[in-house]
$ cat coords-v3.cif   # mmCIF, C-alpha atoms
data_structure
#
loop_
_atom_site.label_atom_id
_atom_site.label_comp_id
_atom_site.auth_asym_id
_atom_site.auth_seq_id
_atom_site.Cartn_x
_atom_site.Cartn_y
_atom_site.Cartn_z
CA MET A 1 -22.47 5.65 -2.64
CA ARG A 2 -19.52 6.55 -0.45
CA LYS A 3 -16.70 4.01 -0.19
CA GLY A 4 -14.58 3.16 2.84
CA LYS A 5 -11.03 1.91 3.14
CA LEU A 6 -11.06 -1.66 4.45
CA HIS A 7 -8.29 -3.71 6.03
CA SER A 8 -10.16 -6.98 6.68
CA ILE A 9 -13.38 -8.60 7.90
CA GLU A 10 -14.02 -11.09 10.71
CA THR A 11 -17.43 -12.71 10.28
CA MET A 12 -17.91 -14.46 13.63
CA GLY A 13 -16.18 -12.22 16.16
CA LEU A 14 -16.68 -13.03 19.84
CA VAL A 15 -14.52 -10.44 21.63
CA ASP A 16 -15.41 -7.17 19.88
CA GLY A 17 -18.64 -6.32 21.63
CA PRO A 18 -21.66 -8.27 22.90
CA GLY A 19 -22.71 -11.51 21.25
CA ILE A 20 -21.58 -12.80 17.86
CA ARG A 21 -20.44 -9.93 15.65
CA THR A 22 -19.22 -9.16 12.19
CA VAL A 23 -16.13 -6.99 12.59
CA PHE A 24 -15.09 -4.59 9.84
CA PHE A 25 -11.49 -3.51 10.38
CA LEU A 26 -11.15 -0.15 8.66
CA GLN A 27 -7.81 1.09 7.37
CA GLY A 28 -5.87 4.04 8.73
CA CYS A 29 -4.83 5.09 12.24
CA PRO A 30 -3.21 8.29 13.55
CA LEU A 31 -1.53 6.42 16.41
CA LYS A 32 1.66 4.41 16.07
CA CYS A 33 1.41 2.22 19.16
CA SER A 34 4.61 0.38 20.00
CA TYR A 35 2.71 -2.89 20.52
CA CYS A 36 0.27 -2.57 17.60
CA HIS A 37 -0.48 -6.08 16.32
CA ASN A 38 -1.79 -4.76 12.98
CA PRO A 39 0.88 -2.27 11.84
CA ASP A 40 -0.25 -2.84 8.26
CA SER A 41 -3.55 -1.15 9.15
CA GLN A 42 -1.98 2.19 10.14
CA SER A 43 -1.50 3.61 6.65
CA PHE A 44 -4.30 4.13 4.13
CA MET A 45 -2.00 2.72 1.47
CA GLY A 46 -2.87 -0.70 0.11
CA ALA A 47 -6.42 -0.75 1.43
CA THR A 48 -9.27 -2.31 -0.47
CA GLU A 49 -12.52 -0.37 -0.87
CA ILE A 50 -15.93 -1.34 0.46
CA THR A 51 -19.34 0.27 0.05
CA VAL A 52 -22.07 0.71 2.63
CA GLU A 53 -24.23 -1.60 0.54
CA GLU A 54 -21.58 -4.34 0.78
CA ILE A 55 -21.40 -3.91 4.54
CA VAL A 56 -25.17 -4.23 4.87
CA LYS A 57 -25.30 -7.31 2.63
CA THR A 58 -22.58 -8.97 4.70
CA ALA A 59 -24.34 -8.13 7.95
CA GLU A 60 -27.69 -9.42 6.74
CA ARG A 61 -26.19 -12.87 6.13
CA TYR A 62 -25.41 -13.16 9.84
CA LYS A 63 -28.42 -11.40 11.34
CA THR A 64 -29.83 -14.65 12.69
CA TYR A 65 -26.71 -15.01 14.84
CA TYR A 66 -26.98 -11.39 16.00
CA ASP A 67 -30.59 -11.80 17.04
CA ALA A 68 -29.89 -15.04 18.91
CA THR A 69 -26.88 -13.71 20.85
CA GLY A 70 -27.42 -9.97 21.18
CA GLY A 71 -24.67 -9.38 18.64
CA GLY A 72 -24.29 -7.10 15.65
CA VAL A 73 -21.66 -5.23 13.69
CA THR A 74 -18.46 -3.72 15.09
CA PHE A 75 -16.25 -1.22 13.29
CA SER A 76 -12.65 -1.54 14.39
CA GLY A 77 -9.32 -0.72 12.80
CA GLY A 78 -7.00 0.83 12.34
CA GLU A 79 -9.13 3.64 13.73
CA PRO A 80 -12.71 3.79 12.42
CA LEU A 81 -13.14 7.42 13.53
CA MET A 82 -10.66 8.39 10.80
CA GLN A 83 -13.37 7.65 8.22
CA GLY A 84 -16.16 9.60 9.89
CA ALA A 85 -18.44 10.35 6.94
CA PHE A 86 -18.34 6.77 5.69
CA LEU A 87 -18.85 5.44 9.21
CA ILE A 88 -21.97 7.56 9.66
CA GLU A 89 -23.53 6.23 6.45
CA ALA A 90 -22.73 2.64 7.40
CA LEU A 91 -24.05 2.99 10.94
CA LYS A 92 -27.29 4.60 9.72
CA ALA A 93 -27.87 1.86 7.16
CA LEU A 94 -27.31 -0.89 9.71
CA LYS A 95 -29.58 0.70 12.32
CA GLU A 96 -32.34 1.06 9.68
CA ARG A 97 -32.18 -2.73 9.31
CA GLY A 98 -32.29 -3.39 13.04
CA VAL A 99 -28.60 -4.29 13.43
CA SER A 100 -26.86 -3.38 16.68
CA THR A 101 -23.76 -1.24 16.14
CA CYS A 102 -20.48 -0.96 17.99
CA ILE A 103 -17.26 1.03 17.50
CA ASP A 104 -13.85 -0.12 18.73
CA THR A 105 -11.79 3.07 19.01
CA SER A 106 -8.85 4.79 20.67
CA GLY A 107 -10.69 8.12 20.54
CA TYR A 108 -8.64 9.78 17.80
CA GLY A 109 -10.44 10.77 14.63
CA GLN A 110 -12.40 13.39 12.73
CA THR A 111 -13.95 15.29 15.62
CA ARG A 112 -16.58 17.06 13.50
CA HIS A 113 -18.34 13.72 12.96
CA TYR A 114 -18.48 12.53 16.58
CA GLU A 115 -21.94 13.85 17.44
CA GLU A 116 -23.57 12.25 14.40
CA ILE A 117 -21.67 8.98 14.90
CA PHE A 118 -22.91 8.75 18.48
CA LYS A 119 -26.55 9.00 17.33
CA HIS A 120 -26.28 5.71 15.44
CA THR A 121 -23.99 3.73 17.77
CA ASP A 122 -25.19 1.41 20.53
CA HIS A 123 -21.89 0.45 22.11
CA ILE A 124 -18.37 1.90 22.20
CA LEU A 125 -15.24 -0.05 23.08
CA LEU A 126 -12.78 2.65 24.14
CA ASP A 127 -9.11 1.72 24.33
CA ILE A 128 -7.19 4.09 26.61
CA LYS A 129 -3.46 3.68 26.00
CA HIS A 130 -1.96 5.50 29.00
CA THR A 131 -2.86 8.04 31.65
CA ARG A 132 0.26 10.23 31.52
CA GLU A 133 1.23 12.67 28.80
CA ALA A 134 4.92 11.84 28.26
CA ALA A 135 4.32 8.09 28.44
CA HIS A 136 1.39 8.38 26.04
CA VAL A 137 3.54 10.23 23.50
CA ALA A 138 6.32 7.65 23.83
CA LEU A 139 3.86 4.77 23.42
CA THR A 140 1.65 6.10 20.61
CA GLY A 141 3.47 9.01 18.99
CA ARG A 142 0.59 11.35 19.93
CA ASP A 143 -0.22 13.52 22.93
CA MET A 144 -3.39 13.00 24.98
CA SER A 145 -5.40 15.87 23.54
CA GLY A 146 -7.33 13.45 21.31
CA ILE A 147 -8.44 11.08 24.04
CA ARG A 148 -9.29 13.95 26.39
CA HIS A 149 -11.47 15.56 23.70
CA PHE A 150 -13.19 12.25 22.98
CA LEU A 151 -13.94 11.59 26.65
CA LYS A 152 -15.62 15.00 26.89
CA ALA A 153 -17.52 14.40 23.64
CA LEU A 154 -18.94 11.18 25.11
CA ASP A 155 -21.19 13.31 27.32
CA ALA A 156 -23.47 13.37 24.26
CA PHE A 157 -23.39 9.57 23.81
CA ASN A 158 -26.41 7.67 25.11
CA GLY A 159 -25.21 4.09 24.62
CA MET A 160 -22.97 1.76 26.61
CA ILE A 161 -19.20 2.14 26.95
CA THR A 162 -16.64 -0.57 27.69
CA ILE A 163 -13.21 0.70 28.66
CA ARG A 164 -10.22 -1.29 27.45
CA HIS A 165 -6.59 -0.99 28.42
CA VAL A 166 -3.63 -3.03 27.19
CA MET A 167 -1.47 -3.53 30.27
CA VAL A 168 2.28 -3.56 29.58
CA PRO A 169 4.79 -4.83 32.16
CA GLY A 170 6.82 -1.99 33.61
CA LEU A 171 4.64 0.60 31.87
CA THR A 172 1.10 0.48 33.25
CA ASP A 173 1.03 -2.49 35.63
CA SER A 174 0.68 -0.46 38.83
CA GLU A 175 -2.13 0.52 41.18
CA MET A 176 -1.24 4.18 40.65
CA VAL A 177 -1.82 4.01 36.88
CA MET A 178 -5.05 2.07 37.41
CA ASP A 179 -6.28 4.74 39.84
CA GLU A 180 -5.40 7.40 37.25
CA LEU A 181 -7.33 5.45 34.61
CA LEU A 182 -10.36 5.24 36.88
CA ALA A 183 -10.18 8.98 37.58
CA MET A 184 -10.16 9.71 33.82
CA ILE A 185 -13.39 7.82 33.18
CA LEU A 186 -15.40 8.51 36.34
CA PRO A 187 -17.36 11.37 34.73
CA LEU A 188 -18.82 8.73 32.39
CA GLN A 189 -19.39 6.05 35.03
CA LYS A 190 -23.15 5.80 34.42
CA LYS A 191 -22.50 4.69 30.84
CA ILE A 192 -19.62 2.28 31.55
CA ASP A 193 -20.49 -1.39 31.90
CA LYS A 194 -16.97 -2.60 32.72
CA ILE A 195 -13.23 -2.13 32.33
CA ASP A 196 -11.27 -4.81 30.47
CA ILE A 197 -7.57 -5.07 31.30
CA LEU A 198 -5.96 -6.85 28.35
CA PRO A 199 -2.52 -8.39 28.94
CA TYR A 200 0.12 -7.26 26.46
CA HIS A 201 1.17 -10.12 24.17
CA LYS A 202 3.63 -10.59 21.34
CA VAL A 203 1.40 -12.51 18.93
CA GLY A 204 1.71 -9.99 16.10
CA ILE A 205 5.48 -9.54 16.25
CA GLU A 206 6.01 -11.61 13.08
CA LYS A 207 4.23 -8.95 11.02
CA TYR A 208 6.95 -6.45 11.81
CA SER A 209 9.68 -8.56 10.28
CA GLN A 210 7.45 -9.28 7.27
CA LEU A 211 6.93 -5.54 6.77
CA ASN A 212 10.58 -4.78 7.49
CA LEU A 213 9.62 -2.69 10.51
CA ALA A 214 11.44 -2.40 13.84
CA TYR A 215 9.54 -3.76 16.85
CA THR A 216 10.49 -1.44 19.71
CA PHE A 217 8.99 -3.69 22.39
CA GLU A 218 11.24 -6.60 21.44
CA THR A 219 12.66 -6.90 24.97
CA VAL A 220 9.37 -6.28 26.79
CA PRO A 221 8.01 -9.54 28.23
CA ALA A 222 4.40 -10.58 27.73
CA MET A 223 2.08 -9.53 30.53
CA SER A 224 0.98 -12.18 33.00
CA SER A 225 -2.70 -12.88 32.35
CA GLU A 226 -3.21 -13.71 36.02
CA LYS A 227 -1.73 -10.38 37.14
CA ALA A 228 -3.78 -8.48 34.55
CA MET A 229 -6.91 -10.23 35.76
CA ALA A 230 -6.16 -9.25 39.36
CA PHE A 231 -5.89 -5.60 38.31
CA GLU A 232 -9.11 -5.94 36.31
CA ILE A 233 -11.02 -7.30 39.31
CA THR A 234 -9.74 -4.51 41.54
CA ILE A 235 -10.46 -1.61 39.19
CA ASN A 236 -13.96 -2.89 38.38
CA ALA A 237 -14.69 -3.25 42.09
CA LYS A 238 -13.69 0.39 42.57
CA LEU A 239 -15.82 1.47 39.59
CA ASN A 240 -18.83 -0.39 40.93
CA ALA A 241 -18.31 1.13 44.38
CA HIS A 242 -18.38 4.60 42.83
CA LYS A 243 -21.55 3.71 40.92
CA ALA A 244 -23.25 2.41 44.06
CA ASN A 245 -22.29 5.56 45.96
CA LEU A 246 -23.65 7.73 43.15
CA ILE A 247 -26.95 5.87 43.16
CA GLN A 248 -27.19 6.22 46.91
CA LYS A 249 -26.61 9.97 46.70
CA THR A 250 -29.26 10.46 44.03
CA ALA A 251 -31.85 8.13 45.63
#
$ encode --input "coords-v3.cif" --output "structure tokens"
Amino acid sequence: MRKGKLHSIETMGLVDGPGIRTVFFLQGCPLKCSYCHNPDSQSFMGATEITVEEIVKTAERYKTYYDATGGGVTFSGGEPLMQGAFLIEALKALKERGVSTCIDTSGYGQTRHYEEIFKHTDHILLDIKHTREAAHVALTGRDMSGIRHFLKALDAFNGMITIRHVMVPGLTDSEMVMDELLAMILPLQKKIDKIDILPYHKVGIEKYSQLNLAYTFETVPAMSSEKAMAFEITINAKLNAHKANLIQKTA
């Protein structure tokens, strides 16, 4: 049986998809986000191994909670799409046992596996880092070709999508960037339940000193949760207005 590279497990997750979820944080990520709160998950080095059978056994212990709350299993990271073949096997096995599946991703991974992954995934949490090429490169170390490809690939996905964006003061906290974000995702509006604007925080900064890594956002202040919420309300209102207009046109 194929083995995956695992960073950690959260058994009673409440913020990584609907309901109570078991979250498997897989190791390895192609992005090097300046605010990453799990920098130790970026490299494949030092990861423990886990089998699909072990994932299923863990999930089955909590299935009562899933059934009662509409929860299930979420694969996060790192970047789960970097372990496409393993992810497919795990998703298939979970769906065969009636477990709802979710992927928390930034849209960068092994593109050849996307279509098969989508067939066995109920919900996708898609984290969009920035809307502009130069700023995206500066923030993540990668250009936007990956996220653009993933957004197009999602045409073949039949589940629900939640858009997530970490809002950083002075970087993305503007109406212009929010309008650009909305424009990026509008082709998928029928599949999007909501947009979560997550305020940038500095909770994981201690890990950088422990790993002897420089934290480039040292001088960037934490994002006001109230301001982030105001942006979230506004962008979701605009999304819902577009949805309502689309329904009206097709009625």
$ closest_residue --input "coords-v3.cif" --among "A:Ala135, A:Ile103, A:Ala237, A:Leu91" --to "Ile55 (chain A)" --atoms "all atoms listed in the file"
A:Leu91
$ closest_residue --input "coords-v3.cif" --among "A:Val168, A:Val73, A:Val177, A:Ile247" --to "Val15 (chain A)" --atoms "only C-alpha atoms"
A:Val73
$ residues_near_point --input "coords-v3.cif" --point "(-22.2, -9.2, 14.4)" --cutoff "9 Å" --atoms "all atoms listed in the file" --output "number ranges by chain"
A: 11-14, 16-23, 59, 62-63, 65-66, 70-74, 99-101
$ closest_residue --input "coords-v3.cif" --among "A:Leu211, A:Ile161, A:Leu139, A:Thr131" --to "Glu180 (chain A)" --atoms "all atoms listed in the file"
A:Thr131
$ resolve_selection --input "coords-v3.cif" --expression "the PyMOL selection byres ((chain A and resi 30-39) around 10)" --output "ChimeraX atom specification"
/A:7,28-29,40-43,77-79,81-82,106,108-109,129,136-143,166,168,200-208,211,213-218,220
$ resolve_selection --input "coords-v3.cif" --expression "the PyMOL selection byres ((chain A and resi 84) around 9)" --output "NGL selection string"
:A and (80-83 or 85-89 or 109-114 or 117)
$ resolve_selection --input "coords-v3.cif" --expression "the PyMOL selection byres ((chain A and resi 151) around 9)" --output "NGL selection string"
:A and (107 or 146-150 or 152-155 or 184-185 or 187-188)
$ residues_near_point --input "coords-v3.cif" --point "(-24.6, 6.0, 22.1)" --cutoff "6 Å" --atoms "only C-alpha atoms" --output "MDAnalysis selection string"
chainID A and resid 118:119 121:122 157:159
$ closest_residue --input "coords-v3.cif" --among "A:Asp67, A:Thr172, A:Ile124, A:Thr48" --to "Lys194 (chain A)" --atoms "all atoms listed in the file"
A:Ile124
$ closest_residue --input "coords-v3.cif" --among "A:Lys191, A:Met144, A:Asp196, A:Ala93" --to "Asp127 (chain A)" --atoms "only C-alpha atoms"
A:Asp196
$ closest_residue --input "coords-v3.cif" --among "A:Met229, A:Lys249, A:Leu239, A:Leu171" --to "Lys190 (chain A)" --atoms "all atoms listed in the file"
A:Leu239
$ atom_distance --input "coords-v3.cif" --atom1 "CA of Ala222 (chain A)" --atom2 "CA of Pro199 (chain A)"
7.4 Å
$ atom_distance --input "coords-v3.cif" --atom1 "CA of Asp104 (chain A)" --atom2 "CA of Thr58 (chain A)"
18.7 Å
$ atom_distance --input "coords-v3.cif" --atom1 "CA of Lys5 (chain A)" --atom2 "CA of Glu49 (chain A)"
4.8 Å
$ decode --input "coords-v3.cif" --residues "region 53-127 of chain A" --atoms "C-alpha atoms" --output "compact mmCIF listing (two decimals), in the first residue's frame"
# COMPACT_ATOMS: atom_id res chain seq x y z
CA GLU A 53 -5.11 2.04 5.96
CA GLU A 54 -3.93 4.10 8.95
CA ILE A 55 -5.86 7.12 7.69
CA VAL A 56 -9.04 5.08 7.34
CA LYS A 57 -8.65 3.52 10.80
CA THR A 58 -8.19 6.96 12.34
CA ALA A 59 -11.22 8.34 10.50
CA GLU A 60 -13.44 5.44 11.51
CA ARG A 61 -12.82 6.19 15.19
CA TYR A 62 -14.45 9.60 14.73
CA LYS A 63 -17.18 8.76 12.23
CA THR A 64 -19.91 9.23 14.83
CA TYR A 65 -18.85 12.87 15.15
CA TYR A 66 -18.77 13.29 11.37
CA ASP A 67 -22.27 11.90 10.97
CA ALA A 68 -23.66 14.08 13.75
CA THR A 69 -22.13 17.34 12.50
CA GLY A 70 -21.75 16.93 8.74
CA GLY A 71 -18.00 16.59 9.19
CA GLY A 72 -15.37 14.29 7.75
CA VAL A 73 -11.71 14.22 6.80
CA THR A 74 -9.66 17.16 5.52
CA PHE A 75 -6.26 16.90 3.88
CA SER A 76 -4.20 20.01 4.49
CA GLY A 77 -0.49 20.75 4.58
CA GLY A 78 1.97 21.69 3.55
CA GLU A 79 0.25 21.21 0.21
CA PRO A 80 -1.71 17.96 -0.19
CA LEU A 81 -1.72 18.24 -4.00
CA MET A 82 2.03 17.56 -3.92
CA GLN A 83 1.23 13.93 -3.04
CA GLY A 84 -1.36 13.34 -5.72
CA ALA A 85 -1.22 9.56 -6.11
CA PHE A 86 -1.36 8.96 -2.36
CA LEU A 87 -4.14 11.52 -1.97
CA ILE A 88 -6.26 9.75 -4.60
CA GLU A 89 -5.94 6.40 -2.82
CA ALA A 90 -6.81 7.95 0.53
CA LEU A 91 -9.80 9.87 -0.83
CA LYS A 92 -11.16 6.77 -2.59
CA ALA A 93 -10.85 4.65 0.54
CA LEU A 94 -12.62 7.24 2.68
CA LYS A 95 -15.47 7.73 0.20
CA GLU A 96 -15.96 3.93 0.05
CA ARG A 97 -16.63 4.08 3.80
CA GLY A 98 -19.04 6.98 3.55
CA VAL A 99 -16.67 9.65 4.89
CA SER A 100 -16.97 13.18 3.54
CA THR A 101 -13.70 14.48 2.08
CA CYS A 102 -12.18 17.93 1.89
CA ILE A 103 -8.88 19.36 0.59
CA ASP A 104 -7.27 22.53 1.93
CA THR A 105 -5.01 23.74 -0.88
CA SER A 106 -3.25 26.70 -2.46
CA GLY A 107 -3.72 25.16 -5.91
CA TYR A 108 -0.12 24.15 -6.56
CA GLY A 109 0.60 20.47 -7.06
CA GLN A 110 0.88 17.54 -9.44
CA THR A 111 -1.50 18.68 -12.17
CA ARG A 112 -1.83 15.23 -13.78
CA HIS A 113 -3.75 14.02 -10.72
CA TYR A 114 -6.27 16.87 -10.43
CA GLU A 115 -9.09 15.28 -12.43
CA GLU A 116 -9.00 12.05 -10.45
CA ILE A 117 -8.68 13.90 -7.12
CA PHE A 118 -11.78 15.96 -7.92
CA LYS A 119 -13.85 12.78 -8.46
CA HIS A 120 -13.41 11.76 -4.82
CA THR A 121 -13.52 15.17 -3.10
CA ASP A 122 -16.66 16.80 -1.69
CA HIS A 123 -15.28 20.16 -0.63
CA ILE A 124 -12.24 22.27 -1.50
CA LEU A 125 -10.85 25.07 0.64
CA LEU A 126 -8.86 27.18 -1.82
CA ASP A 127 -6.39 29.67 -0.40
